[in-house]
file protein22.cif (mmCIF, C-alpha atoms and all ligand atoms)
data_my_file
#
loop_
_atom_site.label_atom_id
_atom_site.label_comp_id
_atom_site.auth_asym_id
_atom_site.auth_seq_id
_atom_site.Cartn_x
_atom_site.Cartn_y
_atom_site.Cartn_z
CA MET A 1 158.41 184.45 -43.28
CA THR A 2 160.68 182.88 -40.69
CA GLY A 3 159.69 185.73 -38.36
CA VAL A 4 156.02 184.78 -38.61
CA VAL A 5 156.82 181.12 -37.97
CA THR A 6 158.88 181.95 -34.90
CA ARG A 7 156.18 184.25 -33.56
CA ALA A 8 153.51 181.59 -34.14
CA SER A 9 155.57 178.89 -32.47
CA ARG A 10 156.34 181.20 -29.57
CA LEU A 11 152.61 181.88 -29.20
CA LEU A 12 151.86 178.16 -29.26
CA ALA A 13 154.56 177.50 -26.70
CA SER A 14 153.21 180.15 -24.35
CA ARG A 15 149.66 178.76 -24.74
CA ALA A 16 150.99 175.30 -23.93
CA ARG A 17 152.69 176.74 -20.87
CA ALA A 18 149.42 178.36 -19.73
CA ALA A 19 147.57 175.07 -20.28
CA ASP A 20 150.28 173.31 -18.29
CA ALA A 21 149.97 175.77 -15.45
CA THR A 22 146.18 175.34 -15.31
CA ALA A 23 146.52 171.55 -15.40
CA ILE A 24 149.14 171.59 -12.65
CA LEU A 25 147.03 173.89 -10.50
CA GLY A 26 143.99 171.66 -11.02
CA ALA A 27 145.86 168.49 -10.17
CA LEU A 28 147.54 169.97 -7.10
CA PRO A 29 146.05 168.20 -4.06
CA VAL A 30 146.50 171.35 -1.99
CA PRO A 31 143.80 174.05 -1.87
CA VAL A 32 145.03 177.13 -3.71
CA MET A 33 142.98 180.33 -4.04
CA LEU A 34 143.73 183.69 -5.56
CA LEU A 35 142.06 186.60 -3.78
CA ASP A 36 141.66 190.04 -5.29
CA PRO A 37 142.17 193.22 -3.19
CA ASP A 38 138.58 192.88 -1.85
CA ASN A 39 139.16 189.22 -0.96
CA ARG A 40 136.95 188.02 -3.80
CA PHE A 41 137.83 184.59 -5.11
CA ARG A 42 139.45 185.36 -8.44
CA ASN A 43 140.59 181.81 -9.06
CA VAL A 44 140.46 178.53 -7.14
CA ASN A 45 141.71 175.06 -7.92
CA GLN A 46 139.71 171.83 -7.47
CA ALA A 47 141.25 171.07 -4.08
CA ALA A 48 140.10 174.51 -2.89
CA GLU A 49 136.55 173.81 -4.12
CA GLN A 50 136.54 170.64 -2.06
CA PHE A 51 138.15 172.30 0.92
CA LEU A 52 135.60 175.13 0.97
CA GLY A 53 132.71 172.87 -0.01
CA MET A 54 131.69 175.19 -2.89
CA SER A 55 132.10 175.15 -6.63
CA ALA A 56 134.34 177.65 -8.39
CA ALA A 57 131.22 179.13 -10.02
CA SER A 58 129.59 179.89 -6.64
CA LEU A 59 132.87 181.07 -5.16
CA ALA A 60 133.17 183.66 -7.94
CA HIS A 61 130.24 185.50 -6.32
CA VAL A 62 131.46 185.59 -2.75
CA ARG A 63 134.28 187.05 -0.72
CA LEU A 64 136.32 185.33 1.95
CA GLN A 65 134.55 187.45 4.57
CA ASP A 66 131.26 185.84 3.50
CA LEU A 67 132.64 182.46 4.55
CA LEU A 68 134.51 183.32 7.74
CA PRO A 69 133.87 185.68 10.67
CA PRO A 70 135.92 188.91 10.50
CA ASP A 71 137.97 188.05 13.59
CA ASN A 72 139.45 184.96 11.99
CA PRO A 73 143.27 185.19 12.09
CA VAL A 74 143.45 184.38 8.38
CA PHE A 75 142.37 187.98 7.62
CA MET A 76 145.30 189.27 9.64
CA LEU A 77 147.59 187.01 7.65
CA ILE A 78 146.21 188.38 4.37
CA GLU A 79 146.57 191.97 5.51
CA GLN A 80 150.16 191.32 6.57
CA VAL A 81 150.94 189.87 3.16
CA ARG A 82 149.53 193.01 1.50
CA LYS A 83 151.42 195.31 3.83
CA THR A 84 154.80 193.56 3.82
CA GLU A 85 154.57 192.14 0.29
CA ALA A 86 156.18 188.98 1.64
CA THR A 87 155.09 185.37 1.98
CA ILE A 88 153.68 184.64 5.42
CA SER A 89 152.60 181.33 6.98
CA ASP A 90 150.35 180.64 9.90
CA HIS A 91 149.99 177.26 11.58
CA ASP A 92 147.25 175.59 13.55
CA LEU A 93 144.54 177.94 12.34
CA ASN A 94 140.91 177.12 12.99
CA LEU A 95 138.44 178.00 10.27
CA ASP A 96 135.14 177.92 12.10
CA SER A 97 131.86 179.15 10.73
CA PRO A 98 128.45 177.62 10.13
CA ARG A 99 129.72 176.55 6.72
CA LEU A 100 133.33 175.62 7.41
CA ARG A 101 134.75 173.50 10.16
CA LYS A 102 138.47 173.03 9.78
CA ARG A 103 141.01 172.67 12.54
CA GLY A 104 144.77 172.72 12.59
CA ILE A 105 145.07 174.35 9.19
CA THR A 106 148.34 175.72 7.89
CA ALA A 107 147.80 178.75 5.68
CA GLN A 108 150.37 180.43 3.50
CA GLY A 109 149.78 183.78 1.84
CA SER A 110 151.94 185.23 -0.94
CA PRO A 111 151.75 188.51 -2.84
CA LEU A 112 151.50 188.57 -6.63
CA PRO A 113 154.03 191.10 -7.92
CA GLU A 114 152.07 191.79 -11.11
CA GLU A 115 148.75 192.27 -9.29
CA PRO A 116 148.99 194.74 -6.41
CA GLY A 117 146.68 193.79 -3.53
CA ALA A 118 146.06 190.25 -4.76
CA VAL A 119 147.01 187.41 -2.43
CA LEU A 120 147.65 183.79 -3.26
CA LEU A 121 146.39 181.69 -0.37
CA VAL A 122 147.46 178.08 0.07
CA MET A 123 145.84 175.98 2.77
CA GLN A 124 146.94 172.68 4.17
CA ASP A 125 144.92 170.41 6.36
CA ALA A 126 147.47 169.37 8.93
CA SER A 127 145.19 166.87 10.65
CA ALA A 128 145.34 164.50 7.69
CA ALA A 129 149.11 164.79 7.63
CA ARG A 130 149.30 164.25 11.36
CA ALA A 131 147.06 161.21 11.16
CA LEU A 132 149.42 159.78 8.56
CA ASP A 133 152.40 160.41 10.83
CA ARG A 134 150.61 158.63 13.59
CA GLN A 135 149.73 155.75 11.36
CA ILE A 136 153.40 155.15 10.71
CA ALA A 137 154.26 155.55 14.37
CA PHE A 138 151.61 153.24 15.72
CA ARG A 139 152.29 150.51 13.19
CA GLY A 140 155.70 150.25 14.80
CA ALA A 141 154.18 150.35 18.26
CA ALA A 142 151.67 147.64 17.42
CA ARG A 143 154.44 145.48 16.02
CA SER A 144 156.45 145.65 19.22
CA VAL A 145 153.30 144.67 21.12
CA SER A 146 152.68 141.72 18.83
CA GLY A 147 156.06 140.23 19.78
CA MET A 148 155.36 140.86 23.42
CA ALA A 149 151.91 139.30 23.12
CA ALA A 150 153.40 136.07 21.87
CA ILE A 151 155.87 135.92 24.77
CA LEU A 152 153.14 136.76 27.28
CA ALA A 153 150.82 134.12 25.89
CA HIS A 154 153.57 131.54 26.15
CA GLU A 155 155.14 132.51 29.43
CA VAL A 156 152.13 133.69 31.39
CA LYS A 157 149.07 131.79 30.28
CA ASN A 158 150.25 128.29 31.10
CA PRO A 159 151.50 128.91 34.63
CA LEU A 160 148.45 131.10 35.16
CA SER A 161 146.04 128.27 34.56
CA GLY A 162 148.04 126.25 37.11
CA ILE A 163 147.73 129.04 39.69
CA ARG A 164 144.01 129.35 38.98
CA GLY A 165 143.45 125.60 39.32
CA ALA A 166 145.35 125.49 42.59
CA ALA A 167 143.33 128.39 43.98
CA GLN A 168 140.11 126.63 43.03
CA LEU A 169 141.23 123.50 44.86
CA LEU A 170 142.06 125.57 47.91
CA GLU A 171 138.65 127.26 47.83
CA ALA A 172 137.03 123.88 48.31
CA SER A 173 139.21 122.76 51.20
CA VAL A 174 139.99 125.80 53.40
CA GLY A 175 137.93 127.69 56.00
CA ALA A 176 135.80 130.75 55.26
CA ALA A 177 138.47 133.35 56.02
CA ASP A 178 141.08 131.71 53.79
CA ARG A 179 138.52 131.01 51.09
CA GLU A 180 138.27 134.72 50.48
CA LEU A 181 141.99 134.82 49.82
CA ALA A 182 141.76 131.86 47.45
CA GLU A 183 138.94 133.63 45.60
CA LEU A 184 141.08 136.72 45.35
CA ILE A 185 143.85 134.69 43.72
CA ARG A 186 141.36 133.20 41.24
CA ASP A 187 139.84 136.56 40.35
CA GLU A 188 143.22 138.17 39.84
CA ALA A 189 144.33 135.23 37.70
CA ASP A 190 141.20 135.76 35.59
CA ARG A 191 141.99 139.43 35.25
CA ILE A 192 145.53 138.75 34.04
CA ARG A 193 144.21 136.11 31.65
CA ALA A 194 141.70 138.59 30.18
CA LEU A 195 144.52 141.10 29.67
CA VAL A 196 146.72 138.53 27.96
CA ASP A 197 143.78 137.50 25.77
CA ARG A 198 143.36 141.11 24.68
CA MET A 199 147.06 141.40 23.95
CA GLU A 200 146.92 138.30 21.82
CA ALA A 201 144.70 140.16 19.39
CA PHE A 202 147.87 142.03 18.37
CA GLY A 203 149.42 138.88 16.98
CA GLU A 204 150.42 138.83 13.32
CA LYS A 205 147.88 136.61 11.64
CA PRO A 206 146.71 136.91 8.05
CA ILE A 207 143.17 138.27 7.94
CA ALA A 208 140.34 136.57 6.11
CA ARG A 209 138.36 139.21 4.24
CA THR A 210 134.96 139.24 2.61
CA ALA A 211 132.58 141.88 1.32
CA VAL A 212 131.11 143.42 4.48
CA ASN A 213 128.09 145.68 4.71
CA ILE A 214 129.35 148.46 6.94
CA HIS A 215 125.86 149.50 8.01
CA ARG A 216 125.10 146.03 9.40
CA VAL A 217 128.31 146.28 11.42
CA LEU A 218 127.31 149.68 12.77
CA GLU A 219 123.79 148.49 13.58
CA HIS A 220 125.16 145.47 15.38
CA VAL A 221 127.48 147.57 17.52
CA ARG A 222 124.79 150.15 18.24
CA ARG A 223 122.48 147.42 19.50
CA LEU A 224 125.22 145.89 21.61
CA ALA A 225 126.02 149.30 23.06
CA GLN A 226 122.44 150.26 23.79
CA THR A 227 121.68 147.05 25.63
CA GLY A 228 124.87 147.44 27.67
CA PHE A 229 127.34 150.21 28.34
CA ALA A 230 125.55 152.95 26.39
CA ALA A 231 121.99 152.37 27.56
CA HIS A 232 121.38 156.04 28.41
CA ILE A 233 123.01 157.61 25.43
CA ARG A 234 121.15 159.02 22.45
CA PHE A 235 122.36 157.63 19.14
CA GLN A 236 122.10 159.44 15.88
CA GLU A 237 122.72 157.63 12.62
CA LEU A 238 123.61 159.41 9.39
CA TYR A 239 124.18 156.70 6.84
CA ASP A 240 124.65 156.87 3.12
CA PRO A 241 122.71 153.79 1.97
CA SER A 242 124.32 153.80 -1.47
CA LEU A 243 127.76 152.78 -0.15
CA PRO A 244 129.33 149.63 -1.57
CA PRO A 245 130.56 146.85 0.73
CA VAL A 246 133.97 147.20 2.34
CA TRP A 247 136.70 144.61 1.89
CA ALA A 248 137.26 143.51 5.45
CA ASN A 249 137.11 140.99 8.21
CA ARG A 250 133.66 141.45 9.76
CA ASP A 251 134.59 140.42 13.31
CA GLN A 252 137.60 142.70 13.37
CA LEU A 253 135.55 145.58 12.01
CA ILE A 254 133.00 145.04 14.78
CA GLN A 255 135.86 145.14 17.28
CA VAL A 256 137.10 148.44 15.83
CA VAL A 257 133.70 150.14 15.90
CA LEU A 258 132.93 148.72 19.33
CA ASN A 259 136.16 150.13 20.78
CA LEU A 260 135.43 153.56 19.28
CA VAL A 261 131.81 153.56 20.46
CA LYS A 262 132.91 152.44 23.92
CA ASN A 263 135.37 155.33 24.15
CA ALA A 264 132.70 157.71 22.83
CA ALA A 265 130.24 156.47 25.45
CA GLU A 266 132.79 156.82 28.23
CA ALA A 267 133.57 160.37 27.08
CA ALA A 268 129.94 161.41 26.62
CA THR A 269 128.88 160.21 30.06
CA GLN A 270 131.55 162.18 31.86
CA GLU A 271 130.42 164.78 34.34
CA GLY A 272 129.28 168.02 32.81
CA VAL A 273 127.85 166.55 29.61
CA ALA A 274 124.16 167.42 29.76
CA HIS A 275 122.84 165.31 26.89
CA PRO A 276 125.23 162.48 26.02
CA GLU A 277 125.06 161.77 22.33
CA ILE A 278 126.91 159.58 19.85
CA THR A 279 126.64 160.06 16.11
CA LEU A 280 127.49 157.26 13.74
CA ALA A 281 127.93 158.33 10.14
CA THR A 282 129.08 156.90 6.83
CA GLY A 283 129.69 158.40 3.44
CA PHE A 284 131.89 158.87 0.43
CA GLN A 285 134.93 161.04 0.71
CA HIS A 286 136.96 161.32 -2.40
CA GLY A 287 140.63 162.03 -2.53
CA MET A 288 141.82 159.78 0.31
CA ARG A 289 144.59 157.58 -0.97
CA VAL A 290 147.38 155.75 0.79
CA ALA A 291 150.54 154.06 -0.32
CA ILE A 292 150.50 150.30 -0.12
CA PRO A 293 153.45 149.25 2.02
CA GLY A 294 156.20 147.60 0.02
CA SER A 295 155.00 148.84 -3.36
CA THR A 296 154.65 152.05 -5.32
CA ALA A 297 150.92 151.47 -5.85
CA ARG A 298 148.36 153.67 -4.13
CA MET A 299 145.05 152.52 -2.78
CA ASP A 300 141.86 154.53 -2.87
CA LEU A 301 139.95 154.79 0.38
CA PRO A 302 136.67 156.30 -0.80
CA LEU A 303 134.48 155.29 2.13
CA PHE A 304 134.45 156.74 5.63
CA VAL A 305 132.91 155.66 8.89
CA SER A 306 132.75 158.19 11.65
CA VAL A 307 132.07 157.87 15.37
CA ARG A 308 131.44 161.20 17.06
CA ASP A 309 130.63 162.13 20.63
CA ASN A 310 129.84 165.31 22.52
CA GLY A 311 132.18 164.58 25.42
CA PRO A 312 134.95 166.86 26.73
CA GLY A 313 137.53 165.94 24.07
CA ILE A 314 140.81 164.03 24.18
CA PRO A 315 143.09 165.21 27.00
CA GLU A 316 145.94 167.33 25.65
CA ASP A 317 148.71 165.16 27.14
CA ILE A 318 147.28 161.97 25.59
CA ARG A 319 147.03 163.29 22.03
CA PRO A 320 150.55 162.69 20.76
CA HIS A 321 150.41 159.07 21.97
CA LEU A 322 146.75 158.35 21.34
CA PHE A 323 147.24 155.14 19.39
CA GLU A 324 150.08 153.71 21.41
CA PRO A 325 149.34 150.78 23.69
CA PHE A 326 148.93 151.36 27.43
CA VAL A 327 148.14 155.05 27.03
CA THR A 328 145.07 155.86 29.08
CA SER A 329 143.50 158.60 31.18
CA LYS A 330 141.00 156.25 32.82
CA SER A 331 141.49 154.68 36.22
CA THR A 332 140.18 151.32 34.97
CA GLY A 333 141.40 151.67 31.37
CA LYS A 334 144.08 149.50 29.85
CA GLY A 335 144.87 151.83 26.99
CA LEU A 336 144.56 149.01 24.51
CA GLY A 337 141.33 150.00 22.72
CA LEU A 338 142.77 152.49 20.25
CA ALA A 339 146.03 150.58 19.81
CA LEU A 340 143.98 147.65 18.58
CA VAL A 341 141.83 149.90 16.41
CA ALA A 342 144.99 151.26 14.81
CA LYS A 343 146.43 147.80 14.30
CA ILE A 344 143.29 146.42 12.65
CA VAL A 345 142.70 149.46 10.47
CA GLY A 346 146.37 149.36 9.44
CA ASP A 347 146.12 145.65 8.59
CA HIS A 348 143.15 146.48 6.37
CA GLY A 349 145.13 149.14 4.56
CA GLY A 350 142.88 151.85 5.99
CA LEU A 351 143.53 155.15 7.74
CA ILE A 352 142.23 156.93 10.85
CA GLU A 353 141.74 160.63 11.34
CA VAL A 354 140.97 162.27 14.63
CA ASP A 355 139.44 165.65 15.25
CA SER A 356 138.83 166.55 18.86
CA ARG A 357 137.84 169.61 20.82
CA PRO A 358 135.63 170.13 23.87
CA GLY A 359 132.11 169.04 22.98
CA ARG A 360 133.01 167.30 19.75
CA THR A 361 135.35 164.38 19.18
CA GLU A 362 135.33 162.52 15.92
CA PHE A 363 137.20 159.39 14.90
CA ARG A 364 137.00 158.86 11.16
CA LEU A 365 138.01 155.62 9.51
CA HIS A 366 138.83 155.52 5.83
CA LEU A 367 138.40 152.05 4.42
CA PRO A 368 138.94 150.30 1.10
CA VAL A 369 135.86 149.06 -0.75
CA VAL A 370 135.52 145.81 -2.68
CA THR A 371 137.19 146.04 -6.07
CA GLU A 372 136.64 143.78 -9.04
CA LYS A 373 139.95 142.09 -8.30
CA ASP A 374 138.82 141.22 -4.75
CA ALA A 375 135.45 139.98 -5.94
CA ASP A 376 137.15 137.56 -8.38
CA GLN A 377 139.15 135.89 -5.64
N1 LIG B 401 136.06 159.77 22.33
C1 LIG B 401 137.02 160.15 23.17
N2 LIG B 401 136.91 161.31 23.87
C2 LIG B 401 137.88 161.69 24.74
N3 LIG B 401 139.02 161.00 24.97
C3 LIG B 401 139.19 159.84 24.31
C4 LIG B 401 138.21 159.35 23.38
N4 LIG B 401 138.67 158.19 22.88
C5 LIG B 401 139.86 157.97 23.45
N5 LIG B 401 140.18 158.94 24.33
C6 LIG B 401 141.39 159.04 25.16
O1 LIG B 401 142.34 158.13 24.67
C7 LIG B 401 142.76 157.23 25.70
C8 LIG B 401 143.09 155.89 25.10
O2 LIG B 401 141.92 155.22 24.63
P1 LIG B 401 141.92 153.64 24.53
O3 LIG B 401 140.60 153.20 24.03
O4 LIG B 401 143.14 153.23 23.78
O5 LIG B 401 142.14 153.17 26.03
P2 LIG B 401 141.12 153.25 27.24
O6 LIG B 401 139.73 153.54 26.74
O7 LIG B 401 141.68 154.19 28.24
O8 LIG B 401 141.20 151.77 27.82
P3 LIG B 401 140.62 150.42 27.14
O9 LIG B 401 140.03 150.78 25.82
O10 LIG B 401 141.80 149.55 27.01
O11 LIG B 401 139.61 149.96 28.10
C9 LIG B 401 141.61 157.22 26.68
O12 LIG B 401 142.01 156.85 27.99
C10 LIG B 401 141.13 158.67 26.61
O13 LIG B 401 141.91 159.50 27.40
MG MG B 402 138.91 152.40 25.18
#
call {"tool": "encode", "arguments": {"input": "protein22.cif", "output": "structure tokens"}}
result
Amino acid sequence: MTGVVTRASRLLASRARAADATAILGALPVPVMLLDPDNRFRNVNQAAEQFLGMSAASLAHVRLQDLLPPDNPVFMLIEQVRKTEATISDHDLNLDSPRLRKRGITAQGSPLPEEPGAVLLVMQDASAARALDRQIAFRGAARSVSGMAAILAHEVKNPLSGIRGAAQLLEASVGAADRELAELIRDEADRIRALVDRMEAFGEKPIARTAVNIHRVLEHVRRLAQTGFAAHIRFQELYDPSLPPVWANRDQLIQVVLNLVKNAAEAATQEGVAHPEITLATGFQHGMRVAIPGSTARMDLPLFVSVRDNGPGIPEDIRPHLFEPFVTSKSTGKGLGLALVAKIVGDHGGLIEVDSRPGRTEFRLHLPVVTEKDADQ
């Protein structure tokens, strides 16, 4: 009798363990897929479904080679795992096919001792991780600028208006040749003032937020751009009209999108780009969550806004410092556009992702939407 009880309880325990394993696999935010010896998808978790953009049911009918071209390095990785029966990792892989478009992926393949030829493949999207790293880095950078901005405003602006006033007085009283010099002083004073004004935007002020319709913001910026700096660029708009409002400061959001569209326009009109084009897109993207600084709570960022251009891509040497102030590759650039974007998005509790290669550069903002708690305020 006791034997039966023990056997039954052992059976129950092992079932519970299997259920646990399935639940853990499902909840794991990392794409995990089990491939059989023919690279058929034997089992995938939810993150893998999202990553591959296909349901587990459809994946059951395809092989990895149906999703990726045969020369993709991931096949070499899988073969090596089968041959060496060891775990192998590969970094910075690109998964490019009409269906998949993933860059900077880290893939890890492991053999399954009880299933010869099967490979457990774990993928990790490094760009999201990198964007998070950057977020932390540039918050610090923006903070150091905010202190500097305050000093600049105090120490530079006041004497500057004195210099400008004096130059204006001179303009009225000197001869033609010297007037030119006086004008030069005035113009340069204006230029410094404009720079200081831009720096002041980095100051630490609490932001006033309301429910903002993101599509109105995008429309506004597109119109601004098309009547000015982006007059000869084709715009494409891919909006999801069902999106809820974002919880944001409208003016600051306009500034963010304007800076991104300006960069996109400057990139797309570089030499060698035959048909300059900017795509503005919005949509839902589930699974983006960030920690709220100073608490253990996490915030959902279900909405994205993307600004894409077909320019030559971000120069390699700029990439690691993209969001830092004064980093620029342009002769007339200040390198403040993206630093301010990062600061504002950070203040809103949002996140930025960047994906860039020749012919396709995308900046993707993840923003919080209005919650019931916000609406009650
Ligand atoms: N869409 C893009 N395509 C290619 N490179 C880009 C793009 N956006 C930004 N960059 C690169 O990042 C650098 C920094 O951009 P940022 O907007 O901060 O400064 P800037 O455009 O150079 O000057 P500012 O915005 O202050 O006028 C740019 O100089 C450029 O090299
Ligand atoms: Mg810029």
call {"tool": "closest_residue", "arguments": {"input": "protein22.cif", "among": "A:Ala86, A:Leu93, A:Leu100, A:Leu351", "to": "Pro113 in chain A", "atoms": "all atoms listed in the file"}}
result
A:Ala86
call {"tool": "residues_near_ligand", "arguments": {"input": "protein22.cif", "ligand": "ligand LIG 401 (chain B)", "cutoff": "9 Å", "atoms": "only C-alpha atoms and all ligand atoms", "output": "number ranges by chain"}}
result
A: 198, 259-268, 307-319, 321-341, 356-358, 360-363
call {"tool": "atom_distance", "arguments": {"input": "protein22.cif", "atom1": "CA of Val174 in chain A", "atom2": "CA of Val156 in chain A"}}
result
26.3 Å
call {"tool": "atom_distance", "arguments": {"input": "protein22.cif", "atom1": "CA of Asn249 in chain A", "atom2": "CA of Arg209 in chain A"}}
result
4.5 Å
call {"tool": "residues_around", "arguments": {"input": "protein22.cif", "residues": "range 47-51 of chain A", "least_positions_apart": "6", "cutoff": "8 Å", "atoms": "only C-alpha atoms", "output": "list in words"}}
result
Gly26, Leu28, Pro29, Val30, Pro31, Val32 and Met33 of chain A
call {"tool": "residues_around", "arguments": {"input": "protein22.cif", "residues": "Leu68 in chain A", "least_positions_apart": "4", "cutoff": "7 Å", "atoms": "only C-alpha atoms", "output": "ChimeraX atom specification"}}
result
/A:64,72,96-97
call {"tool": "closest_residue", "arguments": {"input": "protein22.cif", "among": "A:Pro116, A:Gln226, A:Ile105, A:Leu67", "to": "Lys83 in chain A", "atoms": "only C-alpha atoms"}}
result
A:Pro116
call {"tool": "axis_aligned_box", "arguments": {"input": "protein22.cif", "around": "range 163-178 of chain A", "padding_each_side": "8 Å", "output": "JSON"}}
result
{"center_x": 141.8, "center_y": 128.1, "center_z": 47.5, "size_x": 27.9, "size_y": 26.6, "size_z": 33.0}
call {"tool": "atom_distance", "arguments": {"input": "protein22.cif", "atom1": "CA of Val212 in chain A", "atom2": "CA of Arg250 in chain A"}}
result
6.2 Å
call {"tool": "closest_residue", "arguments": {"input": "protein22.cif", "among": "A:Asn45, A:Gln255, A:Gln108, A:Thr22", "to": "ligand MG 402 (chain B)", "atoms": "all atoms listed in the file"}}
result
A:Gln255
call {"tool": "closest_residue", "arguments": {"input": "protein22.cif", "among": "A:Leu121, A:Ile278, A:Val44, A:Leu301", "to": "Phe235 in chain A", "atoms": "all atoms listed in the file"}}
result
A:Ile278
